[in-house]
Amino acid sequence: MIRLPGTGTLSAPDRRALTLLTDLARLIPVADAAADVVTIELTDRPPRFESLRDWRAGRWGIATGDGVVHIARATLGVLAGIVDATRERQTAARDRFGRVPSAENALGAEAVEREPLVSQAAAAFRTAVVGAAGRRPVRLAVPWPDGRRWAVAITHDLDVVAWWPAFAALRVAELMRKGAWSRAARAAAAALGTIGRSPVHRGIATLLEAERTRAVHSTWFMLCGTPTWRTFLAGDLTYRPEAAGTRRVLADVLQDGHGLGLHGSFTTVAASEVFGEQRARLAALAGREVRGVRQHFLRFDLERTPRAMRAAGFRYDSTAGFADRNGFRLGVCDVLPSWDAEGQGNPLAEVPFAWMDRALSKYRDVEDPMAWVADALELASAARAVDGLWVGVWHPNLIPPLGFPDAPAAYTRLLDGLSVGHPFVGTLDELVRWRDARARLRIGRVAPDGRVELEGESTVPLEEPVR
């Protein structure tokens, strides 16, 4: 429980950054002017730090007093710059897919992207408030549903359903270019052995069974435009949503209670009307509302795409992640509000992902799936350390006939490894709903004995911090 500075004393950027930091720290603002709680004060004396590592070592310019926590305004500016991708907005550099290169990211430029620095700053803020409280009452929001200390979301981008032999041939050629002759031979043999059958559906069935036996509900992002030869050759739209094979996958996914989102095609990047058409088309096929989206190939315009998503009616996006490395692109392992270029908040939530299989096999030449798992679990440990959310991307086409002979076994190893620490494992829809409720928590009154009254009704419980 904290008392924030009056809104009249804060600039709009400072207020936005402080609100985000408070939310990530699970601290709850108090409206009761008479309550004896920790007060937050901003200081204009800027710390002299040259790098993000220096800011972290200097505890983000956060100082503790008796019943008060001081935060440098410069701290808020640094954290907001990371979350808002300010450095990326200022560069004209683009890769061959029109994406901002990872080296232009604030964390990627300093090689600290494997640490959730903003979430770590929020944890330091929370620790400072607990330390400043003394005998004053403190309540925190419980981090995740069912009282879990951290959370996991498994997601799948469905890129391949039809024309699987073409994708198998491309993958074998990729392995041969890398000199991975043994894997290429095994992949080719697996592909030849399944001609006339449906290895894609068999692979998806195996994946779903692994999740079913572990009570894992994942989130599936599906393409929902009309493919042409041009989109197929570009690697964009590769299957018809209404085709029997696609309907079969969709039915299996929904039957097991998994989440569903749109995998936005290349033309959706700044076109809300195309977003809207594809969203409505997928919703009609699924018979349910489609609330989430992730861009195919992670093609994303920082200024225009969030606005187009919002105009199309999406509730959340999960595109913020690296294509060619793994890490926390926005410095956050949590759900956070999306902001447009002018810093105006919108109802679109961002759920950044921290890990993706093809970031290693395609861009880093790491072909051992067990090495992918080790990389994923290392980032999961970083999220767990700050009571955060780890989001990963596993492509369901990672099967032996399509060139990934060891991937299915690695996926079960990943699921088992992620269960350490007993996280809440849920769909992105579930996690976004929880975070919406958590962010709205407000305390109206604090009684002399420390009991609190919440403003409105809440399904998110409170907890006392360990002193």
# chains A, B, ... in the order shown; residues from 1 in each chain; ligands from 1
>>> closest_atom_pairs(of="region 161-274 of chain A", to="region 407-422 of chain A", cutoff="9 Å", atoms="only C-alpha atoms", output="JSON lines")
{"residue": "A:Gly203", "atom": "CA", "partner": "A:Pro408", "partner_atom": "CA", "distance": 8.1}
{"residue": "A:Thr206", "atom": "CA", "partner": "A:Pro408", "partner_atom": "CA", "distance": 7.9}
{"residue": "A:Leu207", "atom": "CA", "partner": "A:Pro408", "partner_atom": "CA", "distance": 7.4}
{"residue": "A:Ala210", "atom": "CA", "partner": "A:Thr412", "partner_atom": "CA", "distance": 6.4}
{"residue": "A:Glu211", "atom": "CA", "partner": "A:Leu415", "partner_atom": "CA", "distance": 7.8}
{"residue": "A:Arg214", "atom": "CA", "partner": "A:Leu415", "partner_atom": "CA", "distance": 8.0}
{"residue": "A:Val216", "atom": "CA", "partner": "A:Leu415", "partner_atom": "CA", "distance": 8.5}
>>> write_last_selection(atoms="C-alpha atoms", output="PDB file, in the first residue's frame")
ATOM      1  CA  GLY A 203       2.725 -33.980 -35.124  1.00  0.00           C
ATOM      2  CA  THR A 206       1.461 -35.584 -30.438  1.00  0.00           C
ATOM      3  CA  LEU A 207       2.021 -32.039 -29.205  1.00  0.00           C
ATOM      4  CA  ALA A 210       1.904 -33.915 -24.362  1.00  0.00           C
ATOM      5  CA  GLU A 211       0.029 -30.828 -23.169  1.00  0.00           C
ATOM      6  CA  ARG A 214       0.335 -32.208 -18.163  1.00  0.00           C
ATOM      7  CA  VAL A 216      -1.286 -27.408 -20.051  1.00  0.00           C
TER       8      VAL A 216
END
>>> residues_around(residues="Trp163 (chain A)", least_positions_apart="3", cutoff="9 Å", atoms="only C-alpha atoms", output="MDAnalysis selection string")
chainID A and resid 160 166:167 238:239
>>> write_last_selection(atoms="N, CA and C atoms", output="compact mmCIF listing (two decimals), in the first residue's frame")
# COMPACT_ATOMS: atom_id res chain seq x y z
N VAL A 160 2.21 -23.83 -40.85
CA VAL A 160 2.17 -24.88 -41.87
C VAL A 160 1.00 -25.82 -41.59
N ALA A 166 6.78 -29.25 -49.54
CA ALA A 166 7.58 -28.08 -49.92
C ALA A 166 8.37 -27.55 -48.73
N PHE A 167 7.74 -27.50 -47.58
CA PHE A 167 8.44 -27.01 -46.38
C PHE A 167 9.52 -27.99 -45.94
N THR A 238 -0.08 -19.47 -46.15
CA THR A 238 0.30 -20.74 -46.76
C THR A 238 -0.80 -21.79 -46.72
N TYR A 239 -1.94 -21.49 -46.09
CA TYR A 239 -3.03 -22.47 -46.05
C TYR A 239 -4.37 -21.74 -45.99
>>> closest_residue(among="A:Trp150, A:Phe297, A:Tyr363, A:Phe49", to="Leu431 (chain A)", atoms="only C-alpha atoms")
A:Trp150
>>> closest_residue(among="A:Ser338, A:Asn105, A:Thr9, A:Gln295", to="Arg315 (chain A)", atoms="only C-alpha atoms")
A:Ser338
>>> closest_residue(among="A:Leu42, A:Ala57, A:Asp436, A:Glu104", to="Ala74 (chain A)", atoms="only C-alpha atoms")
A:Leu42
>>> select_by_dssp(residues="region 24-269 of chain A", states="strand (DSSP E or B)", output="PDB file with N, CA and C atoms, in the first residue's frame")
ATOM      1  N   LEU A  27       2.255  -3.154  -6.078  1.00  0.00           N
ATOM      2  CA  LEU A  27       1.905  -2.225  -5.014  1.00  0.00           C
ATOM      3  C   LEU A  27       0.531  -1.628  -5.284  1.00  0.00           C
ATOM      4  N   PRO A  29      -2.130   1.507  -4.728  1.00  0.00           N
ATOM      5  CA  PRO A  29      -2.345   2.880  -4.270  1.00  0.00           C
ATOM      6  C   PRO A  29      -3.491   2.955  -3.268  1.00  0.00           C
ATOM      7  N   VAL A  30      -3.349   3.898  -2.316  1.00  0.00           N
ATOM      8  CA  VAL A  30      -4.341   4.098  -1.264  1.00  0.00           C
ATOM      9  C   VAL A  30      -4.983   5.464  -1.446  1.00  0.00           C
ATOM     10  N   VAL A  38       3.238   4.127   3.328  1.00  0.00           N
ATOM     11  CA  VAL A  38       4.465   4.615   2.699  1.00  0.00           C
ATOM     12  C   VAL A  38       4.116   5.613   1.596  1.00  0.00           C
ATOM     13  N   THR A  39       4.818   6.726   1.585  1.00  0.00           N
ATOM     14  CA  THR A  39       4.617   7.779   0.586  1.00  0.00           C
ATOM     15  C   THR A  39       5.727   7.718  -0.454  1.00  0.00           C
ATOM     16  N   ILE A  40       5.353   7.913  -1.693  1.00  0.00           N
ATOM     17  CA  ILE A  40       6.325   7.928  -2.790  1.00  0.00           C
ATOM     18  C   ILE A  40       6.598   9.381  -3.177  1.00  0.00           C
ATOM     19  N   GLU A  41       7.869   9.738  -3.221  1.00  0.00           N
ATOM     20  CA  GLU A  41       8.259  11.091  -3.609  1.00  0.00           C
ATOM     21  C   GLU A  41       9.272  11.023  -4.744  1.00  0.00           C
ATOM     22  N   LEU A  42       9.132  11.941  -5.690  1.00  0.00           N
ATOM     23  CA  LEU A  42      10.085  12.024  -6.792  1.00  0.00           C
ATOM     24  C   LEU A  42      11.134  13.071  -6.494  1.00  0.00           C
ATOM     25  N   THR A  43      12.360  12.784  -6.877  1.00  0.00           N
ATOM     26  CA  THR A  43      13.456  13.724  -6.692  1.00  0.00           C
ATOM     27  C   THR A  43      14.021  14.119  -8.042  1.00  0.00           C
ATOM     28  N   ILE A  62      16.628   4.486  -6.495  1.00  0.00           N
ATOM     29  CA  ILE A  62      15.571   4.358  -5.490  1.00  0.00           C
ATOM     30  C   ILE A  62      16.206   4.392  -4.106  1.00  0.00           C
ATOM     31  N   ALA A  63      15.737   5.293  -3.240  1.00  0.00           N
ATOM     32  CA  ALA A  63      16.269   5.431  -1.885  1.00  0.00           C
ATOM     33  C   ALA A  63      15.133   5.312  -0.878  1.00  0.00           C
ATOM     34  N   THR A  64      15.456   4.773   0.295  1.00  0.00           N
ATOM     35  CA  THR A  64      14.458   4.493   1.317  1.00  0.00           C
ATOM     36  C   THR A  64      14.659   5.363   2.544  1.00  0.00           C
ATOM     37  N   GLY A  65      13.569   5.912   3.077  1.00  0.00           N
ATOM     38  CA  GLY A  65      13.574   6.628   4.344  1.00  0.00           C
ATOM     39  C   GLY A  65      12.504   6.054   5.253  1.00  0.00           C
ATOM     40  N   VAL A  68       8.950   6.617   3.647  1.00  0.00           N
ATOM     41  CA  VAL A  68       9.004   7.292   2.365  1.00  0.00           C
ATOM     42  C   VAL A  68       9.997   6.582   1.444  1.00  0.00           C
ATOM     43  N   VAL A  69       9.683   6.545   0.172  1.00  0.00           N
ATOM     44  CA  VAL A  69      10.598   6.023  -0.846  1.00  0.00           C
ATOM     45  C   VAL A  69      10.793   7.118  -1.884  1.00  0.00           C
ATOM     46  N   HIS A  70      12.049   7.441  -2.154  1.00  0.00           N
ATOM     47  CA  HIS A  70      12.399   8.469  -3.134  1.00  0.00           C
ATOM     48  C   HIS A  70      12.804   7.787  -4.453  1.00  0.00           C
ATOM     49  N   ILE A  71      12.246   8.277  -5.544  1.00  0.00           N
ATOM     50  CA  ILE A  71      12.602   7.777  -6.871  1.00  0.00           C
ATOM     51  C   ILE A  71      13.022   8.967  -7.724  1.00  0.00           C
ATOM     52  N   ALA A  72      14.157   8.848  -8.383  1.00  0.00           N
ATOM     53  CA  ALA A  72      14.612   9.912  -9.276  1.00  0.00           C
ATOM     54  C   ALA A  72      13.712   9.972 -10.508  1.00  0.00           C
ATOM     55  N   LEU A 140       0.169  -6.392  -0.653  1.00  0.00           N
ATOM     56  CA  LEU A 140       0.539  -6.520  -2.065  1.00  0.00           C
ATOM     57  C   LEU A 140      -0.525  -7.335  -2.783  1.00  0.00           C
ATOM     58  N   ALA A 141      -0.620  -7.154  -4.086  1.00  0.00           N
ATOM     59  CA  ALA A 141      -1.481  -8.017  -4.888  1.00  0.00           C
ATOM     60  C   ALA A 141      -0.792  -9.357  -5.088  1.00  0.00           C
ATOM     61  N   ALA A 151       4.276 -17.314 -13.558  1.00  0.00           N
ATOM     62  CA  ALA A 151       3.338 -17.828 -14.549  1.00  0.00           C
ATOM     63  C   ALA A 151       4.061 -18.189 -15.844  1.00  0.00           C
ATOM     64  N   VAL A 152       3.458 -19.104 -16.591  1.00  0.00           N
ATOM     65  CA  VAL A 152       4.005 -19.580 -17.863  1.00  0.00           C
ATOM     66  C   VAL A 152       2.885 -19.586 -18.899  1.00  0.00           C
ATOM     67  N   ALA A 153       3.202 -19.146 -20.097  1.00  0.00           N
ATOM     68  CA  ALA A 153       2.265 -19.233 -21.223  1.00  0.00           C
ATOM     69  C   ALA A 153       2.993 -19.861 -22.408  1.00  0.00           C
ATOM     70  N   ILE A 154       2.516 -21.009 -22.838  1.00  0.00           N
ATOM     71  CA  ILE A 154       3.030 -21.665 -24.038  1.00  0.00           C
ATOM     72  C   ILE A 154       2.193 -21.203 -25.229  1.00  0.00           C
ATOM     73  N   THR A 155       2.843 -20.756 -26.283  1.00  0.00           N
ATOM     74  CA  THR A 155       2.111 -20.319 -27.471  1.00  0.00           C
ATOM     75  C   THR A 155       2.645 -21.041 -28.705  1.00  0.00           C
ATOM     76  N   HIS A 156       1.773 -21.174 -29.693  1.00  0.00           N
ATOM     77  CA  HIS A 156       2.123 -21.853 -30.944  1.00  0.00           C
ATOM     78  C   HIS A 156       1.683 -20.997 -32.126  1.00  0.00           C
ATOM     79  N   ASP A 157       2.570 -20.769 -33.066  1.00  0.00           N
ATOM     80  CA  ASP A 157       2.239 -20.078 -34.317  1.00  0.00           C
ATOM     81  C   ASP A 157       2.049 -21.135 -35.401  1.00  0.00           C
ATOM     82  N   LEU A 158       0.821 -21.284 -35.876  1.00  0.00           N
ATOM     83  CA  LEU A 158       0.518 -22.303 -36.880  1.00  0.00           C
ATOM     84  C   LEU A 158       0.835 -21.752 -38.271  1.00  0.00           C
ATOM     85  N   THR A 219      -1.804 -21.317 -26.176  1.00  0.00           N
ATOM     86  CA  THR A 219      -2.490 -20.343 -27.039  1.00  0.00           C
ATOM     87  C   THR A 219      -1.984 -20.516 -28.468  1.00  0.00           C
ATOM     88  N   TRP A 220      -2.912 -20.666 -29.404  1.00  0.00           N
ATOM     89  CA  TRP A 220      -2.572 -20.918 -30.806  1.00  0.00           C
ATOM     90  C   TRP A 220      -2.898 -19.694 -31.645  1.00  0.00           C
ATOM     91  N   PHE A 221      -1.916 -19.250 -32.426  1.00  0.00           N
ATOM     92  CA  PHE A 221      -2.109 -18.132 -33.351  1.00  0.00           C
ATOM     93  C   PHE A 221      -2.189 -18.703 -34.763  1.00  0.00           C
ATOM     94  N   MET A 222      -3.326 -18.433 -35.442  1.00  0.00           N
ATOM     95  CA  MET A 222      -3.580 -19.029 -36.751  1.00  0.00           C
ATOM     96  C   MET A 222      -3.721 -17.959 -37.823  1.00  0.00           C
ATOM     97  N   GLY A 259      -6.329 -21.635 -25.993  1.00  0.00           N
ATOM     98  CA  GLY A 259      -6.662 -20.298 -26.445  1.00  0.00           C
ATOM     99  C   GLY A 259      -6.417 -20.138 -27.931  1.00  0.00           C
ATOM    100  N   LEU A 260      -7.013 -19.093 -28.502  1.00  0.00           N
ATOM    101  CA  LEU A 260      -6.912 -18.874 -29.947  1.00  0.00           C
ATOM    102  C   LEU A 260      -6.701 -17.399 -30.227  1.00  0.00           C
ATOM    103  N   GLY A 261      -5.753 -17.112 -31.122  1.00  0.00           N
ATOM    104  CA  GLY A 261      -5.506 -15.743 -31.553  1.00  0.00           C
ATOM    105  C   GLY A 261      -5.209 -15.702 -33.034  1.00  0.00           C
ATOM    106  N   LEU A 262      -5.244 -14.511 -33.603  1.00  0.00           N
ATOM    107  CA  LEU A 262      -4.940 -14.335 -35.024  1.00  0.00           C
ATOM    108  C   LEU A 262      -3.441 -14.177 -35.229  1.00  0.00           C
ATOM    109  N   HIS A 263      -2.924 -14.846 -36.259  1.00  0.00           N
ATOM    110  CA  HIS A 263      -1.547 -14.646 -36.698  1.00  0.00           C
ATOM    111  C   HIS A 263      -1.634 -13.685 -37.884  1.00  0.00           C
ATOM    112  N   GLY A 264      -1.462 -12.392 -37.618  1.00  0.00           N
ATOM    113  CA  GLY A 264      -1.703 -11.375 -38.632  1.00  0.00           C
ATOM    114  C   GLY A 264      -0.776 -11.504 -39.830  1.00  0.00           C
TER     115      GLY A 264
END
>>> closest_residue(among="A:Val200, A:Ala243, A:Leu389, A:Ala308", to="Gly276 (chain A)", atoms="only C-alpha atoms")
A:Ala308
>>> atom_distance(atom1="CA of Pro47 (chain A)", atom2="CA of Arg59 (chain A)")
10.3 Å
>>> residues_around(residues="Ser265 (chain A)", least_positions_apart="6", cutoff="9 Å", atoms="only C-alpha atoms", output="ChimeraX atom specification")
/A:223-225,236-237,274-275,278,295-297,299
>>> select_by_dssp(residues="region 84-331 of chain A", states="alpha helix (DSSP H)", output="PyMOL selection string")
chain A and resi 86-89+106-109+117-133+164-177+181-192+199-213+229-233+244-255+272-286+305-311
>>> residues_around(residues="Ala190 (chain A)", least_positions_apart="5", cutoff="10 Å", atoms="only C-alpha atoms", output="short mmCIF file (atom, residue, chain, number, x, y, z; two decimals) with N, CA and C atoms, in the first residue's frame")
data_model
loop_
_atom_site.label_atom_id
_atom_site.label_comp_id
_atom_site.auth_asym_id
_atom_site.auth_seq_id
_atom_site.Cartn_x
_atom_site.Cartn_y
_atom_site.Cartn_z
N ALA A 168 9.25 -29.29 -46.11
CA ALA A 168 10.26 -30.29 -45.78
C ALA A 168 11.50 -30.12 -46.66
N ALA A 184 20.06 -33.62 -41.88
CA ALA A 184 19.40 -33.52 -43.18
C ALA A 184 18.97 -34.90 -43.68
N ALA A 185 19.84 -35.89 -43.50
CA ALA A 185 19.52 -37.25 -43.95
C ALA A 185 18.36 -37.83 -43.15
N ILE A 195 5.11 -39.87 -46.92
CA ILE A 195 4.42 -39.45 -48.14
C ILE A 195 3.10 -40.22 -48.27
N PRO A 199 1.66 -35.91 -41.91
CA PRO A 199 2.56 -35.75 -40.76
C PRO A 199 2.29 -34.50 -39.94
N ILE A 399 8.66 -31.04 -36.47
CA ILE A 399 8.46 -32.49 -36.42
C ILE A 399 9.47 -33.14 -37.35
N PRO A 400 9.77 -34.43 -37.18
CA PRO A 400 10.80 -35.08 -38.00
C PRO A 400 10.59 -34.95 -39.51
N PRO A 401 9.38 -35.19 -40.05
CA PRO A 401 9.24 -35.09 -41.52
C PRO A 401 9.46 -33.69 -42.07
N LEU A 402 9.34 -32.67 -41.23
CA LEU A 402 9.57 -31.30 -41.70
C LEU A 402 10.95 -30.80 -41.31
N GLY A 403 11.85 -31.72 -40.90
CA GLY A 403 13.24 -31.36 -40.73
C GLY A 403 13.71 -31.16 -39.31
N PHE A 404 12.95 -31.61 -38.33
CA PHE A 404 13.34 -31.43 -36.92
C PHE A 404 13.21 -32.77 -36.20
N PRO A 405 14.14 -33.69 -36.45
CA PRO A 405 13.99 -35.07 -35.97
C PRO A 405 13.99 -35.22 -34.45
#
>>> residues_around(residues="Gln120 (chain A)", least_positions_apart="3", cutoff="10 Å", atoms="only C-alpha atoms", output="list in words")
Leu24, Ala25, Arg56, Arg59, Trp60, Glu115, Pro116, Leu117, Ala123, Ala124, Phe125, Arg126, Gly331, Val332, Cys333, Ala382, Ala383, Ala385, Val386, Asp387 and Gly388 of chain A
